[in-house]
Amino acid sequence: MTEAQKTLDRETRDRLVEEIAARVGVRAERGRRFAELTSLRVGGEIDWVVVPETEEQAARVAGALDEANVPWRVLGAGSNVLADDERHGYVVLTMREVKGGARFDGEKVSVSAGYSLPRLCVDAARQGLSGIEGLNGIPGTVGGALWMNAGAFGHEIGNVVESVRAARGGEVVEVPGTQIKWDYRHTSFRDGELLLGATLRLVADDAEKIAARMEESKRRRMETQPHGSRSAGCFFKNPPGSGLSTGRMIDEMGMKGERRGGAQVSPVHANFIVTEGKDARAADALALAEEIRERIRRERGIELEYEVELWRGGAPDAETADATQKGGAADEAAKED
Ligand SMILES: Cc1cc2nc3c(=O)[nH]c(=O)nc-3n(C[C@H](O)[C@H](O)[C@H](O)COP(=O)(O)OP(=O)(O)OC[C@H]3O[C@@H](n4cnc5c(N)ncnc54)[C@H](O)[C@@H]3O)c2cc1C
């Protein structure tokens with residue numbers, strides 16, 4: 001948090017958020033909870049949720065919040081985020097309404113950040129275009145996938161990106177894919193950068209063959225992961241460079257099915273923590289996660305790193321400390337799914 005953000009009292013902040021939302025013409029909502037906005041369905045109240053509907057609006061809101069020193073974070077579908085049960089005193093810029101439609105032009109497709117990644121995979125397959133069928137079944141938005149360089153079974157979104165549209169200084173700026181470093185579940189975008197959309201370059205192929213490959217990646221996912229459960233995918237990274245699978249280690253400790261409150265180590269995939277019931281809390285998932293880390297530390301001498309992003313709330317004037325410092329917990333993520 002910058003010095004200027006620290007001195008912003010809540011009343012001033014609220015007035016600024018209202019003014020900015022009115023000026024740009026976007027909804028600004030109070031009283032929303034992370035439990036409604038993330039796939040784990042847990043997490044506390046958010047001071048403000050701002051809902052742009054176009055890429056231009058999103059760029060303008062981000063620019064204006066930066067200029068006013070109001071801390072914010074961007075959320076896609078919330079499928080890689082565990083937000084704690086505290087109150088979160090920053091603005092959440094949700095990109096889910098910035099979706100438009102997928103616009104195909106020959107082998108290229110342009111799509112906004114809020115568009116669903118699974119839907120895009122289906123659209124591309126219907127157009128007879130190959131390149132993202134391996135990503136079919138990764139939940140979330142295109143923006144979240146770009147930020148994380150989402151991937152599965154050897155495919156990554158970064159491999160097919162021709163350019164990304166990002167918000168800079170309140171404007172929409174086109175960044176060529178070649179200027180972006182696409183690493184394993186990590187990109188060279190700076191913390192606090194807002195991605196608005198992308199143009200992907202795909203390759204024409206036989207529609208039936210694409211459909212068969214999509215089916216195959218779906219089948220592998222269904223076999224190895226819990227489906228229909230509230231999760232955030234793999235909770236921990238695999239220990240880098242070790243060749244070890246975190247899921248297998250947790251399984252070998254006999255922790256599959258272990259419960260803490262409304263959280264459970266998935267009986268299907270031990271690196272998935274799932275939540276159940278309306279009383280489930282982020283604290284349940286965190287307690288279980290910390291217990292797993294403690295046992296792996298004790299029994300294997302390995303320090304597990306979180307794969308999901310932990311978003312901390314807290315005292316209204318202190319909790320903004322890491323707002324706009326995105327991606328911390330998920331950096332260098334190493335998904336095994
Ligand atoms: C059942 C299940 C299976 C999964 N399997 C996989 C898998 O196989 N491979 C894989 O890679 N992931 C997997 N995931 C994790 C998750 O689906 C991906 O990381 C996904 O790309 C996150 O997209 P999202 O829109 O939900 O992002 P969120 O969870 O909302 O956000 C994740 C991060 O991206 C940032 N972000 C989101 N949108 C933007 C934007 N427009 N601009 C800038 N930053 C943004 C957020 O600030 C945050 O830092 C799985 C999750 C689940 C629940």
# chains A, B, ... in the order shown; residues from 1 in each chain; ligands from 1
>>> residues_near_ligand(ligand="ligand 1", cutoff="7 Å", atoms="only C-alpha atoms and all ligand atoms", output="ChimeraX atom specification")
/A:39,73-81,95,113-114,138-152,185,193-196,225-227,231-234,309,326-327,335,337
>>> select_by_dssp(residues="region 111-192 of chain A", states="strand (DSSP E)", output="number ranges by chain")
A: 111-112, 129-130, 151-152, 155-156, 161-168, 171-176, 182-183, 186-187
>>> write_last_selection(atoms="N, CA and C atoms", output="PDB file, in the first residue's frame")
ATOM      1  N   VAL A 111     -11.346 -11.856 -28.098  1.00  0.00           N
ATOM      2  CA  VAL A 111     -12.284 -12.146 -27.016  1.00  0.00           C
ATOM      3  C   VAL A 111     -11.961 -11.274 -25.815  1.00  0.00           C
ATOM      4  N   SER A 112     -12.999 -10.900 -25.063  1.00  0.00           N
ATOM      5  CA  SER A 112     -12.778 -10.037 -23.895  1.00  0.00           C
ATOM      6  C   SER A 112     -12.469 -10.871 -22.657  1.00  0.00           C
ATOM      7  N   LEU A 129     -11.398 -24.760 -35.395  1.00  0.00           N
ATOM      8  CA  LEU A 129     -10.104 -24.156 -35.070  1.00  0.00           C
ATOM      9  C   LEU A 129      -9.478 -24.855 -33.875  1.00  0.00           C
ATOM     10  N   SER A 130      -8.213 -25.211 -34.040  1.00  0.00           N
ATOM     11  CA  SER A 130      -7.501 -25.986 -33.022  1.00  0.00           C
ATOM     12  C   SER A 130      -6.470 -25.109 -32.304  1.00  0.00           C
ATOM     13  N   GLY A 151      -3.152 -23.713 -18.111  1.00  0.00           N
ATOM     14  CA  GLY A 151      -2.838 -24.803 -19.019  1.00  0.00           C
ATOM     15  C   GLY A 151      -3.171 -26.152 -18.424  1.00  0.00           C
ATOM     16  N   ALA A 152      -3.181 -27.130 -19.288  1.00  0.00           N
ATOM     17  CA  ALA A 152      -3.414 -28.502 -18.835  1.00  0.00           C
ATOM     18  C   ALA A 152      -2.948 -29.451 -19.920  1.00  0.00           C
ATOM     19  N   HIS A 155      -0.915 -28.154 -22.853  1.00  0.00           N
ATOM     20  CA  HIS A 155      -1.347 -26.964 -23.598  1.00  0.00           C
ATOM     21  C   HIS A 155      -1.361 -25.767 -22.655  1.00  0.00           C
ATOM     22  N   GLU A 156      -0.935 -24.604 -23.160  1.00  0.00           N
ATOM     23  CA  GLU A 156      -1.014 -23.373 -22.364  1.00  0.00           C
ATOM     24  C   GLU A 156      -1.584 -22.270 -23.231  1.00  0.00           C
ATOM     25  N   VAL A 161      -1.426 -16.932 -28.037  1.00  0.00           N
ATOM     26  CA  VAL A 161      -1.805 -15.514 -27.925  1.00  0.00           C
ATOM     27  C   VAL A 161      -1.069 -14.684 -28.967  1.00  0.00           C
ATOM     28  N   GLU A 162      -1.842 -13.994 -29.814  1.00  0.00           N
ATOM     29  CA  GLU A 162      -1.206 -13.068 -30.755  1.00  0.00           C
ATOM     30  C   GLU A 162      -0.973 -11.718 -30.070  1.00  0.00           C
ATOM     31  N   SER A 163      -1.977 -11.240 -29.315  1.00  0.00           N
ATOM     32  CA  SER A 163      -1.794  -9.986 -28.569  1.00  0.00           C
ATOM     33  C   SER A 163      -2.778  -9.947 -27.406  1.00  0.00           C
ATOM     34  N   VAL A 164      -2.417  -9.153 -26.408  1.00  0.00           N
ATOM     35  CA  VAL A 164      -3.280  -8.976 -25.240  1.00  0.00           C
ATOM     36  C   VAL A 164      -3.623  -7.497 -25.148  1.00  0.00           C
ATOM     37  N   ARG A 165      -4.892  -7.214 -24.822  1.00  0.00           N
ATOM     38  CA  ARG A 165      -5.256  -5.820 -24.566  1.00  0.00           C
ATOM     39  C   ARG A 165      -5.188  -5.592 -23.050  1.00  0.00           C
ATOM     40  N   ALA A 166      -4.433  -4.569 -22.661  1.00  0.00           N
ATOM     41  CA  ALA A 166      -4.266  -4.277 -21.229  1.00  0.00           C
ATOM     42  C   ALA A 166      -4.652  -2.827 -20.975  1.00  0.00           C
ATOM     43  N   ALA A 167      -4.980  -2.538 -19.708  1.00  0.00           N
ATOM     44  CA  ALA A 167      -5.351  -1.168 -19.341  1.00  0.00           C
ATOM     45  C   ALA A 167      -4.095  -0.433 -18.873  1.00  0.00           C
ATOM     46  N   ARG A 168      -3.783   0.665 -19.533  1.00  0.00           N
ATOM     47  CA  ARG A 168      -2.634   1.461 -19.079  1.00  0.00           C
ATOM     48  C   ARG A 168      -3.005   2.941 -19.124  1.00  0.00           C
ATOM     49  N   GLU A 171      -6.372   3.790 -20.544  1.00  0.00           N
ATOM     50  CA  GLU A 171      -6.615   3.486 -21.956  1.00  0.00           C
ATOM     51  C   GLU A 171      -6.449   2.002 -22.234  1.00  0.00           C
ATOM     52  N   VAL A 172      -7.028   1.563 -23.371  1.00  0.00           N
ATOM     53  CA  VAL A 172      -6.837   0.180 -23.817  1.00  0.00           C
ATOM     54  C   VAL A 172      -5.587   0.138 -24.705  1.00  0.00           C
ATOM     55  N   VAL A 173      -4.627  -0.684 -24.306  1.00  0.00           N
ATOM     56  CA  VAL A 173      -3.357  -0.747 -25.045  1.00  0.00           C
ATOM     57  C   VAL A 173      -3.145  -2.181 -25.530  1.00  0.00           C
ATOM     58  N   GLU A 174      -2.701  -2.323 -26.774  1.00  0.00           N
ATOM     59  CA  GLU A 174      -2.479  -3.660 -27.344  1.00  0.00           C
ATOM     60  C   GLU A 174      -1.017  -4.065 -27.117  1.00  0.00           C
ATOM     61  N   VAL A 175      -0.813  -5.209 -26.465  1.00  0.00           N
ATOM     62  CA  VAL A 175       0.555  -5.678 -26.193  1.00  0.00           C
ATOM     63  C   VAL A 175       0.796  -6.946 -27.027  1.00  0.00           C
ATOM     64  N   PRO A 176       1.791  -6.944 -27.935  1.00  0.00           N
ATOM     65  CA  PRO A 176       2.035  -8.152 -28.743  1.00  0.00           C
ATOM     66  C   PRO A 176       2.422  -9.331 -27.858  1.00  0.00           C
ATOM     67  N   TRP A 182       5.768 -15.950 -21.165  1.00  0.00           N
ATOM     68  CA  TRP A 182       4.755 -16.912 -20.712  1.00  0.00           C
ATOM     69  C   TRP A 182       5.461 -18.043 -19.994  1.00  0.00           C
ATOM     70  N   ASP A 183       5.422 -18.061 -18.681  1.00  0.00           N
ATOM     71  CA  ASP A 183       6.072 -19.127 -17.913  1.00  0.00           C
ATOM     72  C   ASP A 183       5.026 -20.105 -17.411  1.00  0.00           C
ATOM     73  N   HIS A 186       2.418 -18.528 -14.980  1.00  0.00           N
ATOM     74  CA  HIS A 186       2.907 -17.216 -14.578  1.00  0.00           C
ATOM     75  C   HIS A 186       3.264 -16.430 -15.834  1.00  0.00           C
ATOM     76  N   THR A 187       3.028 -15.123 -15.790  1.00  0.00           N
ATOM     77  CA  THR A 187       3.398 -14.296 -16.944  1.00  0.00           C
ATOM     78  C   THR A 187       4.209 -13.090 -16.471  1.00  0.00           C
TER      79      THR A 187
END
>>> closest_residue(among="A:Val274, A:Leu8, A:Ile132, A:Cys121", to="Tyr90 (chain A)", atoms="only C-alpha atoms")
A:Leu8
>>> atom_distance(atom1="CA of Arg312 (chain A)", atom2="CA of Glu291 (chain A)")
18.8 Å
>>> select_by_dssp(residues="region 113-310 of chain A", states="helix (DSSP H, G or I)", output="number ranges by chain")
A: 117-126, 133-135, 142-148, 157-160, 177-179, 207-224, 246-252, 282-300
>>> write_last_selection(atoms="C-alpha atoms", output="PDB file, in the first residue's frame")
ATOM      1  CA  LEU A 117     -12.638 -20.036 -21.178  1.00  0.00           C
ATOM      2  CA  PRO A 118     -14.615 -23.320 -21.493  1.00  0.00           C
ATOM      3  CA  ARG A 119     -17.128 -21.579 -23.741  1.00  0.00           C
ATOM      4  CA  LEU A 120     -14.333 -20.196 -25.912  1.00  0.00           C
ATOM      5  CA  CYS A 121     -12.925 -23.723 -26.321  1.00  0.00           C
ATOM      6  CA  VAL A 122     -16.320 -24.943 -27.541  1.00  0.00           C
ATOM      7  CA  ASP A 123     -16.760 -21.925 -29.881  1.00  0.00           C
ATOM      8  CA  ALA A 124     -13.328 -22.502 -31.423  1.00  0.00           C
ATOM      9  CA  ALA A 125     -13.988 -26.206 -31.930  1.00  0.00           C
ATOM     10  CA  ARG A 126     -17.274 -25.402 -33.693  1.00  0.00           C
ATOM     11  CA  GLU A 133      -8.933 -27.776 -27.006  1.00  0.00           C
ATOM     12  CA  GLY A 134      -6.576 -28.994 -24.243  1.00  0.00           C
ATOM     13  CA  LEU A 135      -7.770 -26.087 -22.062  1.00  0.00           C
ATOM     14  CA  VAL A 142     -10.141 -15.665 -20.405  1.00  0.00           C
ATOM     15  CA  GLY A 143      -8.598 -12.839 -18.304  1.00  0.00           C
ATOM     16  CA  GLY A 144      -7.816 -15.192 -15.421  1.00  0.00           C
ATOM     17  CA  ALA A 145      -6.372 -17.727 -17.863  1.00  0.00           C
ATOM     18  CA  LEU A 146      -4.153 -15.083 -19.464  1.00  0.00           C
ATOM     19  CA  TRP A 147      -2.971 -13.816 -16.082  1.00  0.00           C
ATOM     20  CA  MET A 148      -2.135 -17.328 -14.890  1.00  0.00           C
ATOM     21  CA  ILE A 157      -2.980 -20.324 -23.426  1.00  0.00           C
ATOM     22  CA  GLY A 158       0.235 -18.313 -23.889  1.00  0.00           C
ATOM     23  CA  ASN A 159       1.165 -20.538 -26.848  1.00  0.00           C
ATOM     24  CA  VAL A 160      -1.684 -19.173 -28.973  1.00  0.00           C
ATOM     25  CA  GLY A 177       2.180 -11.719 -27.426  1.00  0.00           C
ATOM     26  CA  THR A 178       5.887 -11.845 -28.282  1.00  0.00           C
ATOM     27  CA  GLN A 179       6.581  -9.097 -25.722  1.00  0.00           C
ATOM     28  CA  ALA A 207     -13.794 -30.345 -36.487  1.00  0.00           C
ATOM     29  CA  GLU A 208     -14.291 -34.000 -35.588  1.00  0.00           C
ATOM     30  CA  LYS A 209     -10.650 -34.451 -34.625  1.00  0.00           C
ATOM     31  CA  ILE A 210     -10.788 -31.324 -32.439  1.00  0.00           C
ATOM     32  CA  ALA A 211     -13.985 -32.577 -30.794  1.00  0.00           C
ATOM     33  CA  ALA A 212     -12.320 -35.943 -30.113  1.00  0.00           C
ATOM     34  CA  ARG A 213      -9.322 -34.245 -28.449  1.00  0.00           C
ATOM     35  CA  MET A 214     -11.668 -32.112 -26.349  1.00  0.00           C
ATOM     36  CA  GLU A 215     -13.529 -35.216 -25.265  1.00  0.00           C
ATOM     37  CA  GLU A 216     -10.242 -36.857 -24.330  1.00  0.00           C
ATOM     38  CA  SER A 217      -9.115 -33.931 -22.117  1.00  0.00           C
ATOM     39  CA  LYS A 218     -12.561 -33.883 -20.493  1.00  0.00           C
ATOM     40  CA  ARG A 219     -12.386 -37.627 -19.844  1.00  0.00           C
ATOM     41  CA  ARG A 220      -8.940 -37.332 -18.201  1.00  0.00           C
ATOM     42  CA  ARG A 221     -10.203 -34.467 -16.035  1.00  0.00           C
ATOM     43  CA  MET A 222     -13.326 -36.384 -14.996  1.00  0.00           C
ATOM     44  CA  GLU A 223     -11.221 -39.394 -14.076  1.00  0.00           C
ATOM     45  CA  THR A 224      -8.721 -37.544 -11.926  1.00  0.00           C
ATOM     46  CA  THR A 246       1.916 -33.076  -3.910  1.00  0.00           C
ATOM     47  CA  GLY A 247      -1.361 -34.910  -4.455  1.00  0.00           C
ATOM     48  CA  ARG A 248       0.411 -38.262  -4.154  1.00  0.00           C
ATOM     49  CA  MET A 249       2.248 -37.189  -0.972  1.00  0.00           C
ATOM     50  CA  ILE A 250      -1.008 -36.094   0.685  1.00  0.00           C
ATOM     51  CA  ASP A 251      -2.648 -39.321  -0.418  1.00  0.00           C
ATOM     52  CA  GLU A 252       0.245 -41.383   1.011  1.00  0.00           C
ATOM     53  CA  ALA A 282     -12.459 -19.988   4.486  1.00  0.00           C
ATOM     54  CA  ALA A 283     -10.919 -20.663   7.910  1.00  0.00           C
ATOM     55  CA  ASP A 284     -11.919 -24.354   7.585  1.00  0.00           C
ATOM     56  CA  ALA A 285     -10.112 -24.675   4.250  1.00  0.00           C
ATOM     57  CA  LEU A 286      -7.093 -22.794   5.588  1.00  0.00           C
ATOM     58  CA  ALA A 287      -6.920 -24.905   8.760  1.00  0.00           C
ATOM     59  CA  LEU A 288      -6.954 -28.073   6.678  1.00  0.00           C
ATOM     60  CA  ALA A 289      -4.376 -26.650   4.292  1.00  0.00           C
ATOM     61  CA  GLU A 290      -2.070 -25.644   7.149  1.00  0.00           C
ATOM     62  CA  GLU A 291      -2.418 -29.079   8.694  1.00  0.00           C
ATOM     63  CA  ILE A 292      -1.365 -30.655   5.401  1.00  0.00           C
ATOM     64  CA  ARG A 293       1.634 -28.309   5.193  1.00  0.00           C
ATOM     65  CA  GLU A 294       2.620 -29.069   8.789  1.00  0.00           C
ATOM     66  CA  ARG A 295       2.489 -32.843   8.247  1.00  0.00           C
ATOM     67  CA  ILE A 296       4.438 -32.678   4.978  1.00  0.00           C
ATOM     68  CA  ARG A 297       7.019 -30.472   6.711  1.00  0.00           C
ATOM     69  CA  ARG A 298       7.306 -32.913   9.627  1.00  0.00           C
ATOM     70  CA  GLU A 299       7.176 -36.177   7.724  1.00  0.00           C
ATOM     71  CA  ARG A 300       8.928 -35.244   4.451  1.00  0.00           C
TER      72      ARG A 300
END
>>> closest_residue(among="A:Thr275, A:Ser245, A:Asn238, A:Ser188", to="Glu307 (chain A)", atoms="only C-alpha atoms")
A:Asn238
>>> decode(residues="region 154-195 of chain A", atoms="N, CA and C atoms", output="CSV table (one decimal), in the first residue's frame")
chain,number,residue,atom,x,y,z
A,154,GLY,N,-0.2,-30.3,-21.2
A,154,GLY,CA,0.8,-29.8,-22.2
A,154,GLY,C,0.3,-28.6,-23.0
A,155,HIS,N,-0.9,-28.2,-22.9
A,155,HIS,CA,-1.3,-27.0,-23.6
A,155,HIS,C,-1.4,-25.8,-22.7
A,156,GLU,N,-0.9,-24.6,-23.2
A,156,GLU,CA,-1.0,-23.4,-22.4
A,156,GLU,C,-1.6,-22.3,-23.2
A,157,ILE,N,-2.3,-21.4,-22.6
A,157,ILE,CA,-3.0,-20.3,-23.4
A,157,ILE,C,-1.9,-19.4,-24.1
A,158,GLY,N,-0.8,-19.2,-23.4
A,158,GLY,CA,0.2,-18.3,-23.9
A,158,GLY,C,0.8,-18.7,-25.3
A,159,ASN,N,0.7,-20.0,-25.6
A,159,ASN,CA,1.2,-20.5,-26.8
A,159,ASN,C,0.4,-20.0,-28.0
A,160,VAL,N,-0.8,-19.6,-27.8
A,160,VAL,CA,-1.7,-19.2,-29.0
A,160,VAL,C,-2.1,-17.7,-28.9
A,161,VAL,N,-1.4,-16.9,-28.0
A,161,VAL,CA,-1.8,-15.5,-27.9
A,161,VAL,C,-1.1,-14.7,-29.0
A,162,GLU,N,-1.8,-14.0,-29.8
A,162,GLU,CA,-1.2,-13.1,-30.8
A,162,GLU,C,-1.0,-11.7,-30.1
A,163,SER,N,-2.0,-11.2,-29.3
A,163,SER,CA,-1.8,-10.0,-28.6
A,163,SER,C,-2.8,-9.9,-27.4
A,164,VAL,N,-2.4,-9.2,-26.4
A,164,VAL,CA,-3.3,-9.0,-25.2
A,164,VAL,C,-3.6,-7.5,-25.1
A,165,ARG,N,-4.9,-7.2,-24.8
A,165,ARG,CA,-5.3,-5.8,-24.6
A,165,ARG,C,-5.2,-5.6,-23.1
A,166,ALA,N,-4.4,-4.6,-22.7
A,166,ALA,CA,-4.3,-4.3,-21.2
A,166,ALA,C,-4.7,-2.8,-21.0
A,167,ALA,N,-5.0,-2.5,-19.7
A,167,ALA,CA,-5.4,-1.2,-19.3
A,167,ALA,C,-4.1,-0.4,-18.9
A,168,ARG,N,-3.8,0.7,-19.5
A,168,ARG,CA,-2.6,1.5,-19.1
A,168,ARG,C,-3.0,2.9,-19.1
A,169,GLY,N,-2.9,3.6,-18.0
A,169,GLY,CA,-3.2,5.0,-17.9
A,169,GLY,C,-4.7,5.3,-18.3
A,170,GLY,N,-5.6,4.4,-18.0
A,170,GLY,CA,-7.0,4.6,-18.3
A,170,GLY,C,-7.4,4.2,-19.7
A,171,GLU,N,-6.4,3.8,-20.5
A,171,GLU,CA,-6.6,3.5,-22.0
A,171,GLU,C,-6.4,2.0,-22.2
A,172,VAL,N,-7.0,1.6,-23.4
A,172,VAL,CA,-6.8,0.2,-23.8
A,172,VAL,C,-5.6,0.1,-24.7
A,173,VAL,N,-4.6,-0.7,-24.3
A,173,VAL,CA,-3.4,-0.7,-25.0
A,173,VAL,C,-3.1,-2.2,-25.5
A,174,GLU,N,-2.7,-2.3,-26.8
A,174,GLU,CA,-2.5,-3.7,-27.3
A,174,GLU,C,-1.0,-4.1,-27.1
A,175,VAL,N,-0.8,-5.2,-26.5
A,175,VAL,CA,0.6,-5.7,-26.2
A,175,VAL,C,0.8,-6.9,-27.0
A,176,PRO,N,1.8,-6.9,-27.9
A,176,PRO,CA,2.0,-8.2,-28.7
A,176,PRO,C,2.4,-9.3,-27.9
A,177,GLY,N,1.9,-10.5,-28.2
A,177,GLY,CA,2.2,-11.7,-27.4
A,177,GLY,C,3.7,-12.0,-27.3
A,178,THR,N,4.4,-11.6,-28.3
A,178,THR,CA,5.9,-11.8,-28.3
A,178,THR,C,6.6,-11.0,-27.2
A,179,GLN,N,6.0,-9.9,-26.8
A,179,GLN,CA,6.6,-9.1,-25.7
A,179,GLN,C,6.3,-9.6,-24.3
A,180,ILE,N,5.4,-10.7,-24.3
A,180,ILE,CA,5.0,-11.2,-23.0
A,180,ILE,C,5.8,-12.5,-22.7
A,181,LYS,N,6.3,-12.6,-21.5
A,181,LYS,CA,7.0,-13.9,-21.1
A,181,LYS,C,5.9,-14.8,-20.5
A,182,TRP,N,5.8,-15.9,-21.2
A,182,TRP,CA,4.8,-16.9,-20.7
A,182,TRP,C,5.5,-18.0,-20.0
A,183,ASP,N,5.4,-18.1,-18.7
A,183,ASP,CA,6.1,-19.1,-17.9
A,183,ASP,C,5.0,-20.1,-17.4
A,184,TYR,N,5.5,-21.1,-16.6
A,184,TYR,CA,4.6,-22.1,-16.1
A,184,TYR,C,3.6,-21.4,-15.1
A,185,ARG,N,2.4,-21.3,-15.5
A,185,ARG,CA,1.3,-20.6,-14.7
A,185,ARG,C,1.7,-19.3,-14.2
A,186,HIS,N,2.4,-18.5,-15.0
A,186,HIS,CA,2.9,-17.2,-14.6
A,186,HIS,C,3.3,-16.4,-15.8
A,187,THR,N,3.0,-15.1,-15.8
A,187,THR,CA,3.4,-14.3,-16.9
A,187,THR,C,4.2,-13.1,-16.5
A,188,SER,N,4.7,-12.3,-17.4
A,188,SER,CA,5.5,-11.2,-17.1
A,188,SER,C,4.7,-9.9,-16.9
A,189,PHE,N,3.4,-10.0,-16.9
A,189,PHE,CA,2.6,-8.8,-16.5
A,189,PHE,C,2.9,-8.4,-15.1
A,190,ARG,N,2.9,-7.1,-15.0
A,190,ARG,CA,3.2,-6.5,-13.7
A,190,ARG,C,2.1,-6.6,-12.7
A,191,ASP,N,2.4,-6.7,-11.4
A,191,ASP,CA,1.3,-6.7,-10.4
A,191,ASP,C,0.5,-5.5,-10.6
A,192,GLY,N,-0.8,-5.7,-10.4
A,192,GLY,CA,-1.7,-4.5,-10.5
A,192,GLY,C,-2.1,-4.2,-12.0
A,193,GLU,N,-1.7,-5.0,-12.9
A,193,GLU,CA,-2.0,-4.8,-14.3
A,193,GLU,C,-3.4,-5.4,-14.6
A,194,LEU,N,-4.2,-4.7,-15.4
A,194,LEU,CA,-5.5,-5.2,-15.7
A,194,LEU,C,-5.5,-5.7,-17.2
A,195,LEU,N,-5.9,-6.9,-17.4
A,195,LEU,CA,-6.0,-7.5,-18.8
A,195,LEU,C,-7.4,-7.4,-19.2
